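Next comes query_17.tsv, a file with TSV, C-alpha atoms and all ligand atoms.
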```tsv
chain	number	residue	atom	x	y	z
A	1	MET	CA	-9.06	19.68	3.29
A	2	ALA	CA	-9.80	20.22	-0.36
A	3	PHE	CA	-11.08	17.17	-2.12
A	4	ASP	CA	-11.98	17.54	-5.77
A	5	PRO	CA	-14.80	15.17	-6.61
A	6	HIS	CA	-14.74	16.04	-10.32
A	7	GLY	CA	-13.64	13.15	-12.43
A	8	ILE	CA	-14.86	10.52	-9.98
A	9	ARG	CA	-16.77	8.00	-12.11
A	10	GLY	CA	-16.95	5.01	-9.78
A	11	MET	CA	-17.48	4.50	-6.09
A	12	ILE	CA	-16.65	1.45	-4.01
A	13	LEU	CA	-18.68	1.39	-0.81
A	14	ASP	CA	-17.89	-0.72	2.22
A	15	MET	CA	-21.10	-1.93	3.88
A	16	ASP	CA	-20.96	-2.28	7.68
A	17	GLY	CA	-20.16	1.13	9.16
A	18	VAL	CA	-20.84	2.93	5.85
A	19	ILE	CA	-24.33	2.08	4.59
A	20	TRP	CA	-25.58	0.27	7.67
A	21	ARG	CA	-24.52	-0.55	11.19
A	22	GLY	CA	-25.74	-4.03	12.11
A	23	ASP	CA	-29.42	-3.94	11.14
A	24	GLU	CA	-29.79	-0.14	11.04
A	25	PRO	CA	-29.44	1.81	7.77
A	26	LEU	CA	-27.10	4.81	7.99
A	27	GLY	CA	-29.10	7.63	6.44
A	28	ASP	CA	-31.73	7.74	3.69
A	29	LEU	CA	-30.21	5.05	1.51
A	30	PRO	CA	-32.68	5.18	-1.41
A	31	ALA	CA	-32.06	8.94	-1.74
A	32	ILE	CA	-28.28	8.49	-1.50
A	33	PHE	CA	-28.22	5.81	-4.22
A	34	ASP	CA	-30.58	7.84	-6.45
A	35	ARG	CA	-28.30	10.84	-6.12
A	36	LEU	CA	-25.21	8.82	-7.06
A	37	SER	CA	-27.05	7.52	-10.08
A	38	ALA	CA	-28.07	11.09	-11.04
A	39	LEU	CA	-24.39	12.06	-10.80
A	40	SER	CA	-23.54	9.21	-13.24
A	41	ILE	CA	-21.34	7.56	-10.65
A	42	SER	CA	-21.25	3.77	-10.89
A	43	VAL	CA	-21.47	2.06	-7.54
A	44	ILE	CA	-20.20	-1.23	-6.20
A	45	LEU	CA	-20.51	-2.56	-2.66
A	46	ALA	CA	-17.54	-4.46	-1.21
A	47	SER	CA	-17.43	-6.34	2.08
A	48	ASN	CA	-14.88	-8.58	3.79
A	49	ASN	CA	-17.79	-10.54	5.26
A	50	ALA	CA	-17.56	-14.00	3.72
A	51	SER	CA	-20.40	-15.71	5.56
A	52	VAL	CA	-23.19	-13.74	3.83
A	53	SER	CA	-24.13	-14.59	0.23
A	54	ILE	CA	-24.72	-11.98	-2.46
A	55	ALA	CA	-28.45	-12.83	-2.46
A	56	GLN	CA	-28.55	-12.24	1.33
A	57	PHE	CA	-26.85	-8.85	0.88
A	58	GLN	CA	-29.40	-8.02	-1.85
A	59	ASP	CA	-32.27	-8.95	0.50
A	60	LYS	CA	-30.89	-6.76	3.25
A	61	LEU	CA	-30.55	-3.82	0.83
A	62	LYS	CA	-34.09	-4.39	-0.40
A	63	GLN	CA	-35.34	-4.08	3.19
A	64	PHE	CA	-33.70	-0.65	3.23
A	65	GLY	CA	-35.35	0.27	-0.10
A	66	VAL	CA	-32.27	-0.16	-2.30
A	67	ARG	CA	-32.21	-2.47	-5.31
A	68	LEU	CA	-28.85	-3.43	-6.73
A	69	GLN	CA	-27.82	-6.01	-9.30
A	70	PRO	CA	-25.88	-9.05	-8.01
A	71	ASP	CA	-22.76	-7.91	-9.88
A	72	GLN	CA	-22.82	-4.65	-7.87
A	73	ILE	CA	-22.06	-6.53	-4.65
A	74	ILE	CA	-18.69	-8.08	-3.91
A	75	SER	CA	-17.78	-10.09	-0.84
A	76	SER	CA	-14.38	-11.53	-0.05
A	77	THR	CA	-15.83	-14.88	-1.12
A	78	VAL	CA	-16.57	-13.47	-4.58
A	79	VAL	CA	-12.96	-12.31	-4.74
A	80	ALA	CA	-11.77	-15.81	-3.81
A	81	ALA	CA	-14.05	-17.32	-6.47
A	82	TRP	CA	-12.91	-14.73	-9.06
A	83	TYR	CA	-9.27	-15.48	-8.22
A	84	LEU	CA	-9.84	-19.22	-8.58
A	85	ALA	CA	-11.82	-18.76	-11.80
A	86	GLN	CA	-8.90	-16.86	-13.35
A	87	ARG	CA	-6.64	-19.83	-12.66
A	88	PHE	CA	-9.16	-22.61	-13.22
A	89	PRO	CA	-11.74	-21.31	-15.72
A	90	ALA	CA	-13.48	-24.68	-15.91
A	91	GLY	CA	-14.11	-24.81	-12.15
A	92	GLY	CA	-13.63	-28.04	-10.17
A	93	PRO	CA	-13.32	-29.48	-6.69
A	94	ILE	CA	-12.23	-27.42	-3.70
A	95	TYR	CA	-12.20	-28.02	0.03
A	96	GLY	CA	-14.04	-25.14	1.67
A	97	VAL	CA	-13.99	-24.45	5.39
A	98	GLY	CA	-16.81	-21.95	5.74
A	99	GLU	CA	-20.54	-21.47	5.98
A	100	ASN	CA	-23.26	-21.93	3.34
A	101	GLY	CA	-22.98	-18.35	2.07
A	102	MET	CA	-19.34	-18.99	1.14
A	103	LEU	CA	-19.85	-22.51	-0.23
A	104	ASN	CA	-22.81	-21.44	-2.38
A	105	THR	CA	-20.93	-18.50	-3.87
A	106	LEU	CA	-18.03	-20.76	-4.80
A	107	LYS	CA	-20.50	-23.20	-6.35
A	108	ASP	CA	-21.92	-20.39	-8.50
A	109	TYR	CA	-18.44	-20.08	-10.01
A	110	GLY	CA	-18.16	-23.85	-10.63
A	111	PHE	CA	-16.19	-24.80	-7.52
A	112	TYR	CA	-17.81	-27.62	-5.59
A	113	GLN	CA	-17.02	-29.11	-2.20
A	114	SER	CA	-14.78	-32.18	-2.16
A	115	GLU	CA	-12.41	-33.91	0.25
A	116	ASP	CA	-10.37	-35.59	-2.50
A	117	ARG	CA	-6.63	-35.17	-2.51
A	118	ASP	CA	-6.77	-33.52	-5.94
A	119	VAL	CA	-8.76	-30.45	-4.84
A	120	LEU	CA	-7.77	-27.26	-6.69
A	121	ALA	CA	-7.60	-25.23	-3.46
A	122	VAL	CA	-8.47	-25.05	0.21
A	123	VAL	CA	-10.66	-21.99	0.77
A	124	VAL	CA	-11.17	-20.79	4.34
A	125	GLY	CA	-13.61	-18.27	5.79
A	126	LEU	CA	-15.56	-17.91	9.00
A	127	ASP	CA	-17.00	-21.29	9.99
A	128	ARG	CA	-19.00	-21.42	13.20
A	129	ASP	CA	-19.08	-25.22	12.88
A	130	PHE	CA	-15.30	-25.53	12.66
A	131	THR	CA	-14.04	-28.84	14.09
A	132	TYR	CA	-10.80	-30.70	14.77
A	133	GLN	CA	-11.76	-32.97	11.87
A	134	LYS	CA	-12.00	-30.04	9.44
A	135	LEU	CA	-8.70	-28.68	10.76
A	136	THR	CA	-7.07	-32.05	10.12
A	137	LYS	CA	-8.48	-32.33	6.58
A	138	ALA	CA	-7.63	-28.76	5.57
A	139	ALA	CA	-4.09	-28.94	6.97
A	140	ASP	CA	-3.50	-32.28	5.25
A	141	LEU	CA	-4.61	-30.95	1.84
A	142	VAL	CA	-2.55	-27.78	2.23
A	143	ARG	CA	0.51	-29.74	3.30
A	144	ASN	CA	0.03	-31.79	0.14
A	145	GLY	CA	0.26	-28.68	-1.98
A	146	ALA	CA	-3.28	-27.40	-2.45
A	147	PRO	CA	-3.27	-23.57	-2.70
A	148	PHE	CA	-4.38	-22.17	0.67
A	149	ILE	CA	-6.75	-19.23	0.29
A	150	GLY	CA	-8.26	-17.13	3.08
A	151	THR	CA	-11.26	-14.91	2.48
A	152	ASN	CA	-10.35	-12.31	5.10
A	153	PRO	CA	-7.81	-11.91	7.89
A	154	ASP	CA	-10.07	-10.56	10.66
A	155	PRO	CA	-9.05	-12.38	13.89
A	156	THR	CA	-12.29	-11.38	15.61
A	157	PHE	CA	-15.62	-9.72	14.91
A	158	PRO	CA	-17.75	-7.68	17.29
A	159	HIS	CA	-20.70	-9.26	19.05
A	160	PRO	CA	-22.76	-7.57	21.78
A	161	GLY	CA	-20.60	-7.52	24.91
A	162	THR	CA	-17.71	-9.51	23.45
A	163	LEU	CA	-15.55	-10.40	20.46
A	164	LEU	CA	-16.03	-13.69	18.63
A	165	PRO	CA	-13.27	-15.55	16.75
A	166	GLY	CA	-13.25	-14.63	13.05
A	167	ALA	CA	-11.96	-16.21	9.86
A	168	GLY	CA	-8.42	-15.12	10.80
A	169	ALA	CA	-8.46	-17.32	13.89
A	170	ILE	CA	-9.48	-20.38	11.85
A	171	LEU	CA	-6.86	-19.55	9.20
A	172	ALA	CA	-4.23	-19.33	11.94
A	173	ALA	CA	-5.10	-22.80	13.22
A	174	ILE	CA	-4.84	-24.35	9.74
A	175	ALA	CA	-1.68	-22.38	8.96
A	176	ALA	CA	-0.05	-23.62	12.17
A	177	ALA	CA	-1.00	-27.25	11.52
A	178	ALA	CA	0.03	-27.17	7.85
A	179	GLU	CA	3.06	-24.90	8.34
A	180	VAL	CA	1.95	-22.88	5.30
A	181	LYS	CA	0.83	-19.25	5.23
A	182	PRO	CA	-2.51	-18.51	3.52
A	183	LEU	CA	-3.02	-16.18	0.60
A	184	ILE	CA	-5.61	-13.69	1.84
A	185	LEU	CA	-7.84	-12.01	-0.73
A	186	GLY	CA	-10.16	-9.60	1.13
A	187	LYS	CA	-9.37	-5.93	1.85
A	188	PRO	CA	-6.69	-4.59	2.25
A	189	GLU	CA	-5.28	-6.97	-0.39
A	190	ALA	CA	-5.28	-5.71	-3.97
A	191	ALA	CA	-7.44	-8.53	-5.38
A	192	MET	CA	-10.60	-7.11	-3.81
A	193	PHE	CA	-10.02	-3.68	-5.36
A	194	GLU	CA	-9.03	-5.14	-8.73
A	195	VAL	CA	-12.34	-7.00	-8.99
A	196	CYS	CA	-14.18	-3.78	-8.14
A	197	LEU	CA	-12.32	-1.75	-10.79
A	198	GLU	CA	-12.95	-4.46	-13.37
A	199	ARG	CA	-16.69	-4.46	-12.62
A	200	LEU	CA	-16.91	-0.64	-12.51
A	201	GLY	CA	-14.83	-0.24	-15.64
A	202	THR	CA	-13.00	2.71	-14.05
A	203	LYS	CA	-9.37	3.58	-13.43
A	204	PRO	CA	-7.98	3.94	-9.89
A	205	GLU	CA	-7.68	7.74	-10.18
A	206	THR	CA	-11.34	8.12	-11.18
A	207	THR	CA	-12.57	5.81	-8.40
A	208	LEU	CA	-13.35	6.63	-4.78
A	209	MET	CA	-13.27	4.06	-1.98
A	210	VAL	CA	-15.64	4.93	0.87
A	211	GLY	CA	-14.90	3.01	4.05
A	212	ASP	CA	-14.98	3.18	7.84
A	213	ARG	CA	-11.80	1.20	8.56
A	214	ILE	CA	-8.44	2.74	7.81
A	215	ASP	CA	-6.43	-0.49	8.06
A	216	THR	CA	-8.52	-2.33	5.44
A	217	ASP	CA	-10.66	0.03	3.32
A	218	ILE	CA	-8.33	3.02	3.16
A	219	ALA	CA	-4.92	1.34	3.26
A	220	GLY	CA	-5.86	-1.15	0.55
A	221	ALA	CA	-7.31	1.51	-1.77
A	222	GLN	CA	-4.33	3.82	-1.33
A	223	ALA	CA	-1.92	0.98	-2.15
A	224	ILE	CA	-3.26	0.79	-5.71
A	225	GLY	CA	-3.93	4.49	-6.26
A	226	ILE	CA	-7.69	4.63	-5.62
A	227	LYS	CA	-8.95	7.86	-4.01
A	228	THR	CA	-10.19	7.52	-0.44
A	229	ALA	CA	-13.02	8.79	1.76
A	230	LEU	CA	-13.27	7.82	5.42
A	231	VAL	CA	-16.65	8.05	7.11
A	232	LEU	CA	-16.69	8.32	10.90
A	233	SER	CA	-19.92	6.30	11.21
A	234	GLY	CA	-18.04	3.07	11.89
A	235	VAL	CA	-14.80	1.79	13.40
A	236	SER	CA	-11.99	4.34	12.83
A	237	THR	CA	-11.88	7.67	14.66
A	238	TYR	CA	-11.11	11.22	13.52
A	239	GLU	CA	-7.83	11.21	15.49
A	240	GLU	CA	-6.71	8.02	13.74
A	241	ALA	CA	-7.72	9.46	10.37
A	242	GLN	CA	-5.78	12.71	10.96
A	243	ALA	CA	-2.64	10.79	11.93
A	244	TRP	CA	-2.77	8.44	8.92
A	245	LEU	CA	-0.22	8.77	6.11
A	246	PRO	CA	-0.53	9.17	3.20
A	247	PRO	CA	-3.38	11.59	3.91
A	248	ILE	CA	-6.94	10.39	3.32
A	249	ASP	CA	-8.58	12.45	0.54
A	250	TRP	CA	-11.83	13.14	2.41
A	251	ILE	CA	-12.82	12.61	6.06
A	252	GLY	CA	-16.37	13.27	7.22
A	253	PRO	CA	-19.21	12.10	9.40
A	254	ASP	CA	-21.08	9.84	6.99
A	255	LEU	CA	-21.99	8.84	3.44
A	256	HIS	CA	-24.89	11.31	3.26
A	257	THR	CA	-22.52	14.22	3.91
A	258	LEU	CA	-20.08	12.96	1.29
A	259	VAL	CA	-22.74	12.51	-1.38
A	260	TYR	CA	-24.75	15.68	-0.74
A	261	GLU	CA	-22.14	18.21	0.40
A	262	THR	CA	-19.10	17.22	-1.61
A	263	PHE	CA	-20.59	16.16	-4.93
A	264	ASN	CA	-22.63	19.13	-6.11
B	1	MG	MG	-16.84	-1.47	7.53
```

As structure tokens - that is how I would like this structure written.
Amino acid sequence: MAFDPHGIRGMILDMDGVIWRGDEPLGDLPAIFDRLSALSISVILASNNASVSIAQFQDKLKQFGVRLQPDQIISSTVVAAWYLAQRFPAGGPIYGVGENGMLNTLKDYGFYQSEDRDVLAVVVGLDRDFTYQKLTKAADLVRNGAPFIGTNPDPTFPHPGTLLPGAGAILAAIAAAAEVKPLILGKPEAAMFEVCLERLGTKPETTLMVGDRIDTDIAGAQAIGIKTALVLSGVSTYEEAQAWLPPIDWIGPDLHTLVYETFN
């Protein structure tokens, strides 16, 4: 398959399955990032994981020898905060159902935790301390008209030997109790990609999304005209990639192969 890398000015990289798998880096990350910088390609990292803060992502990258600026890392919580900040530039009270990583990111954008009836939104991510009480409060506020925002739709996430309930399962409980559907902002929704393009300062046709999941990374990028590269170092398989329409621009084993063998 012929993929022309010329003209690519920005790259959006998914994290788990692309640059690391769990706690293991995938390839020589410092060399890969240096090479992208030498090619004058701007890079942004984008994850649907809403329970890790940007500072925590930076720390993890630092352990792997990669230093990135905070504005080069986007989580679905950042997208939620960005979305809220567009509507409420002055910030204000929200009711967040999520962990500290999510609540702290929202606070950085001026949105603080409150249980008042006049909250600007109910924002829901993965919360491993989710309770019936939180379900009651969130559903009540949503029923009363607070915008209902979900960070990501994942019903489960992998854990050694099993699957654990994800943000999508908590969203489903609140949605059922409130009888309102959430607005979900992580991949594959456009908001995530729009934030990335804004930060990169590139157009969709000069930007490449590199991901390991077809249903989120690839589908979402294709929907707004961003070029796509699927690495087989994560979730989706070669057979799934071959069968996918519209065709994925580049399919290969990993990020190292993409960066060293395609861009030269
Ligand atoms: Mg991934």

* Identify which of the residues A:Ile8, A:Met192, A:Ala90, A:Ile19 lies closest to Ser42 (chain A), counting all atoms listed in the file when measuring atom-to-atom distances. => A:Ile8

Collect all residues with atoms no farther than 12 Å from ligand MG 1 (chain B), counting all atoms listed in the file, and output them as a short mmCIF file (atom, residue, chain, number, x, y, z; two decimals) with C-alpha atoms, in the frame of the given file.
```
data_model
loop_
_atom_site.label_atom_id
_atom_site.label_comp_id
_atom_site.auth_asym_id
_atom_site.auth_seq_id
_atom_site.Cartn_x
_atom_site.Cartn_y
_atom_site.Cartn_z
CA ILE A 12 -16.65 1.45 -4.01
CA LEU A 13 -18.68 1.39 -0.81
CA ASP A 14 -17.89 -0.72 2.22
CA MET A 15 -21.10 -1.93 3.88
CA ASP A 16 -20.96 -2.28 7.68
CA GLY A 17 -20.16 1.13 9.16
CA VAL A 18 -20.84 2.93 5.85
CA ILE A 19 -24.33 2.08 4.59
CA TRP A 20 -25.58 0.27 7.67
CA ARG A 21 -24.52 -0.55 11.19
CA GLY A 22 -25.74 -4.03 12.11
CA LEU A 45 -20.51 -2.56 -2.66
CA ALA A 46 -17.54 -4.46 -1.21
CA SER A 47 -17.43 -6.34 2.08
CA ASN A 48 -14.88 -8.58 3.79
CA ASN A 49 -17.79 -10.54 5.26
CA ASP A 154 -10.07 -10.56 10.66
CA PHE A 157 -15.62 -9.72 14.91
CA PRO A 158 -17.75 -7.68 17.29
CA LYS A 187 -9.37 -5.93 1.85
CA PRO A 188 -6.69 -4.59 2.25
CA MET A 209 -13.27 4.06 -1.98
CA VAL A 210 -15.64 4.93 0.87
CA GLY A 211 -14.90 3.01 4.05
CA ASP A 212 -14.98 3.18 7.84
CA ARG A 213 -11.80 1.20 8.56
CA ILE A 214 -8.44 2.74 7.81
CA ASP A 215 -6.43 -0.49 8.06
CA THR A 216 -8.52 -2.33 5.44
CA ASP A 217 -10.66 0.03 3.32
CA ILE A 218 -8.33 3.02 3.16
CA LEU A 230 -13.27 7.82 5.42
CA VAL A 231 -16.65 8.05 7.11
CA LEU A 232 -16.69 8.32 10.90
CA SER A 233 -19.92 6.30 11.21
CA GLY A 234 -18.04 3.07 11.89
CA VAL A 235 -14.80 1.79 13.40
CA SER A 236 -11.99 4.34 12.83
#
```

* Name the residues in contact with Leu183 (chain A) at a cut-off of 7 Å, using only C-alpha atoms, excluding same-chain residues fewer than 6 positions from it; report them as a ChimeraX atom specification. => /A:148-150

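Within 8 Å of the point (-27.6, 12.7, -4.9), counting only C-alpha atoms, the protein and nucleic acid residues come to A:Ala31, A:Ile32, A:Phe33, A:Asp34, A:Arg35, A:Leu36, A:Ser37, A:Ala38, A:Leu39, A:Val259, A:Tyr260, A:Phe263.
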
Could the residues in this selection be saved with C-alpha atoms as an mmCIF file, in the coordinates of the input?
```
data_model
loop_
_atom_site.group_PDB
_atom_site.id
_atom_site.type_symbol
_atom_site.label_atom_id
_atom_site.label_comp_id
_atom_site.auth_asym_id
_atom_site.auth_seq_id
_atom_site.Cartn_x
_atom_site.Cartn_y
_atom_site.Cartn_z
ATOM 1 C CA ALA A 31 -32.060 8.940 -1.740
ATOM 2 C CA ILE A 32 -28.280 8.490 -1.500
ATOM 3 C CA PHE A 33 -28.220 5.810 -4.220
ATOM 4 C CA ASP A 34 -30.580 7.840 -6.450
ATOM 5 C CA ARG A 35 -28.300 10.840 -6.120
ATOM 6 C CA LEU A 36 -25.210 8.820 -7.060
ATOM 7 C CA SER A 37 -27.050 7.520 -10.080
ATOM 8 C CA ALA A 38 -28.070 11.090 -11.040
ATOM 9 C CA LEU A 39 -24.390 12.060 -10.800
ATOM 10 C CA VAL A 259 -22.740 12.510 -1.380
ATOM 11 C CA TYR A 260 -24.750 15.680 -0.740
ATOM 12 C CA PHE A 263 -20.590 16.160 -4.930
#
```

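Between CA of Ala223 (chain A) and CA of Pro5 (chain A) there is a distance of 19.7 Å.
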
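Closest to Pro30 (chain A) among A:His256, A:Thr206, A:Asn152, A:Ala167 is A:His256, based on all atoms listed in the file.
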
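Proximity to Ile251 (chain A) was assessed for A:Ser76, A:Ala178, A:Asn264, A:Thr237 counting only C-alpha atoms; the smallest distance is recorded for A:Thr237.
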
* To do: State, in Å with one decimal place, the distance from CA of Thr136 (chain A) to CA of Gly166 (chain A).
  => 18.7 Å

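Residues surrounding Thr228 (chain A) within 6 Å are Leu208, Met209, Ile248 and Asp249 of chain A [only C-alpha atoms; sequence separation below 2 positions excluded].
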
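Interatomic distance, CA of Asn144 (chain A) to CA of Asn100 (chain A): 25.5 Å.
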
For the contact check between region 153-207 of chain A and region 120-130 of chain A, emit one row per residue of region 153-207 of chain A within 12 Å, containing the shortest atom pair and the distance in Å rounded to one decimal, counting all atoms listed in the file, chain then rising number order, as a tab-separated table.
```
residue	atom	partner	partner_atom	distance
A:Pro153	CA	A:Gly125	CA	8.9
A:Asp154	CA	A:Leu126	CA	9.3
A:Pro155	CA	A:Leu126	CA	9.8
A:Thr156	CA	A:Leu126	CA	9.9
A:Phe157	CA	A:Leu126	CA	10.1
A:Leu164	CA	A:Arg128	CA	9.9
A:Pro165	CA	A:Leu126	CA	8.4
A:Gly166	CA	A:Leu126	CA	5.7
A:Ala167	CA	A:Leu126	CA	4.1
A:Gly168	CA	A:Gly125	CA	7.9
A:Ala169	CA	A:Leu126	CA	8.6
A:Ile170	CA	A:Leu126	CA	7.2
A:Leu171	CA	A:Val124	CA	6.6
A:Ala172	CA	A:Val124	CA	10.4
A:Ala173	CA	A:Phe130	CA	10.6
A:Ile174	CA	A:Val124	CA	9.1
A:Ala175	CA	A:Val124	CA	10.7
A:Ala178	CA	A:Val122	CA	11.6
A:Val180	CA	A:Val122	CA	11.8
A:Pro182	CA	A:Val124	CA	9.0
A:Leu183	CA	A:Val123	CA	9.6
A:Ile184	CA	A:Val124	CA	9.4
A:Leu185	CA	A:Val123	CA	10.5
A:Gly186	CA	A:Gly125	CA	10.4
```

* For Gln113 (chain A): contacts at 12 Å, only C-alpha atoms, fewer than 2 positions along chain excluded, given as a list in words -> Gly91, Gly92, Pro93, Ile94, Tyr95, Gly96, Val97, Gly98, Glu99, Asn100, Met102, Leu103, Asn104, Thr105, Leu106, Lys107, Asp108, Gly110, Phe111, Glu115, Asp116, Asp118, Val119, Leu120, Ala121, Val122 and Val123 of chain A

* If I put a ball of radius 12 Å at (-12.8, -5.7, -11.6) in the file's coordinates, which residues poke into it when counting only C-alpha atoms, written as a ChimeraX atom specification? -> /A:10,12,44,46,71-74,78-79,82-83,86,190-204,207

Could you write out as lines of an AutoDock Vina configuration file the box around region 203-211 of chain A (axis-aligned, all atoms listed in the file, 5 Å on each side), with centre and edge lengths in Å to one decimal?
```
center_x = -11.7
center_y = 5.6
center_z = -4.7
size_x = 18.0
size_y = 15.1
size_z = 27.5
```

Could I see region 211-226 of chain A restored to N, CA and C atoms, set down as an mmCIF file, keeping the file's coordinate frame?
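Heads up, here's the output in out.cif:
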```cif
data_model
loop_
_atom_site.group_PDB
_atom_site.id
_atom_site.type_symbol
_atom_site.label_atom_id
_atom_site.label_comp_id
_atom_site.auth_asym_id
_atom_site.auth_seq_id
_atom_site.Cartn_x
_atom_site.Cartn_y
_atom_site.Cartn_z
ATOM 1 N N GLY A 211 -14.954 4.042 3.017
ATOM 2 C CA GLY A 211 -14.900 3.010 4.050
ATOM 3 C C GLY A 211 -14.883 3.604 5.441
ATOM 4 N N ASP A 212 -15.025 2.724 6.443
ATOM 5 C CA ASP A 212 -14.980 3.180 7.840
ATOM 6 C C ASP A 212 -13.768 2.623 8.575
ATOM 7 N N ARG A 213 -12.982 1.768 7.915
ATOM 8 C CA ARG A 213 -11.800 1.200 8.560
ATOM 9 C C ARG A 213 -10.564 1.612 7.800
ATOM 10 N N ILE A 214 -9.652 2.278 8.476
ATOM 11 C CA ILE A 214 -8.440 2.740 7.810
ATOM 12 C C ILE A 214 -7.551 1.567 7.410
ATOM 13 N N ASP A 215 -7.408 0.581 8.316
ATOM 14 C CA ASP A 215 -6.430 -0.490 8.060
ATOM 15 C C ASP A 215 -6.831 -1.413 6.912
ATOM 16 N N THR A 216 -8.108 -1.467 6.562
ATOM 17 C CA THR A 216 -8.520 -2.330 5.440
ATOM 18 C C THR A 216 -8.984 -1.486 4.254
ATOM 19 N N ASP A 217 -10.068 -0.729 4.431
ATOM 20 C CA ASP A 217 -10.660 0.030 3.320
ATOM 21 C C ASP A 217 -9.694 1.059 2.744
ATOM 22 N N ILE A 218 -9.155 1.883 3.616
ATOM 23 C CA ILE A 218 -8.330 3.020 3.160
ATOM 24 C C ILE A 218 -6.941 2.562 2.728
ATOM 25 N N ALA A 219 -6.279 1.778 3.582
ATOM 26 C CA ALA A 219 -4.920 1.340 3.260
ATOM 27 C C ALA A 219 -4.878 0.563 1.946
ATOM 28 N N GLY A 220 -5.844 -0.327 1.758
ATOM 29 C CA GLY A 220 -5.860 -1.150 0.550
ATOM 30 C C GLY A 220 -6.099 -0.324 -0.702
ATOM 31 N N ALA A 221 -7.016 0.650 -0.622
ATOM 32 C CA ALA A 221 -7.310 1.510 -1.770
ATOM 33 C C ALA A 221 -6.099 2.374 -2.114
ATOM 34 N N GLN A 222 -5.498 2.954 -1.094
ATOM 35 C CA GLN A 222 -4.330 3.820 -1.330
ATOM 36 C C GLN A 222 -3.200 3.050 -2.009
ATOM 37 N N ALA A 223 -3.035 1.781 -1.621
ATOM 38 C CA ALA A 223 -1.920 0.980 -2.150
ATOM 39 C C ALA A 223 -1.998 0.820 -3.656
ATOM 40 N N ILE A 224 -3.209 0.906 -4.245
ATOM 41 C CA ILE A 224 -3.260 0.790 -5.710
ATOM 42 C C ILE A 224 -3.760 2.070 -6.380
ATOM 43 N N GLY A 225 -3.695 3.181 -5.636
ATOM 44 C CA GLY A 225 -3.930 4.490 -6.260
ATOM 45 C C GLY A 225 -5.381 4.919 -6.355
ATOM 46 N N ILE A 226 -6.273 4.230 -5.644
ATOM 47 C CA ILE A 226 -7.690 4.630 -5.620
ATOM 48 C C ILE A 226 -7.847 5.763 -4.611
#
```
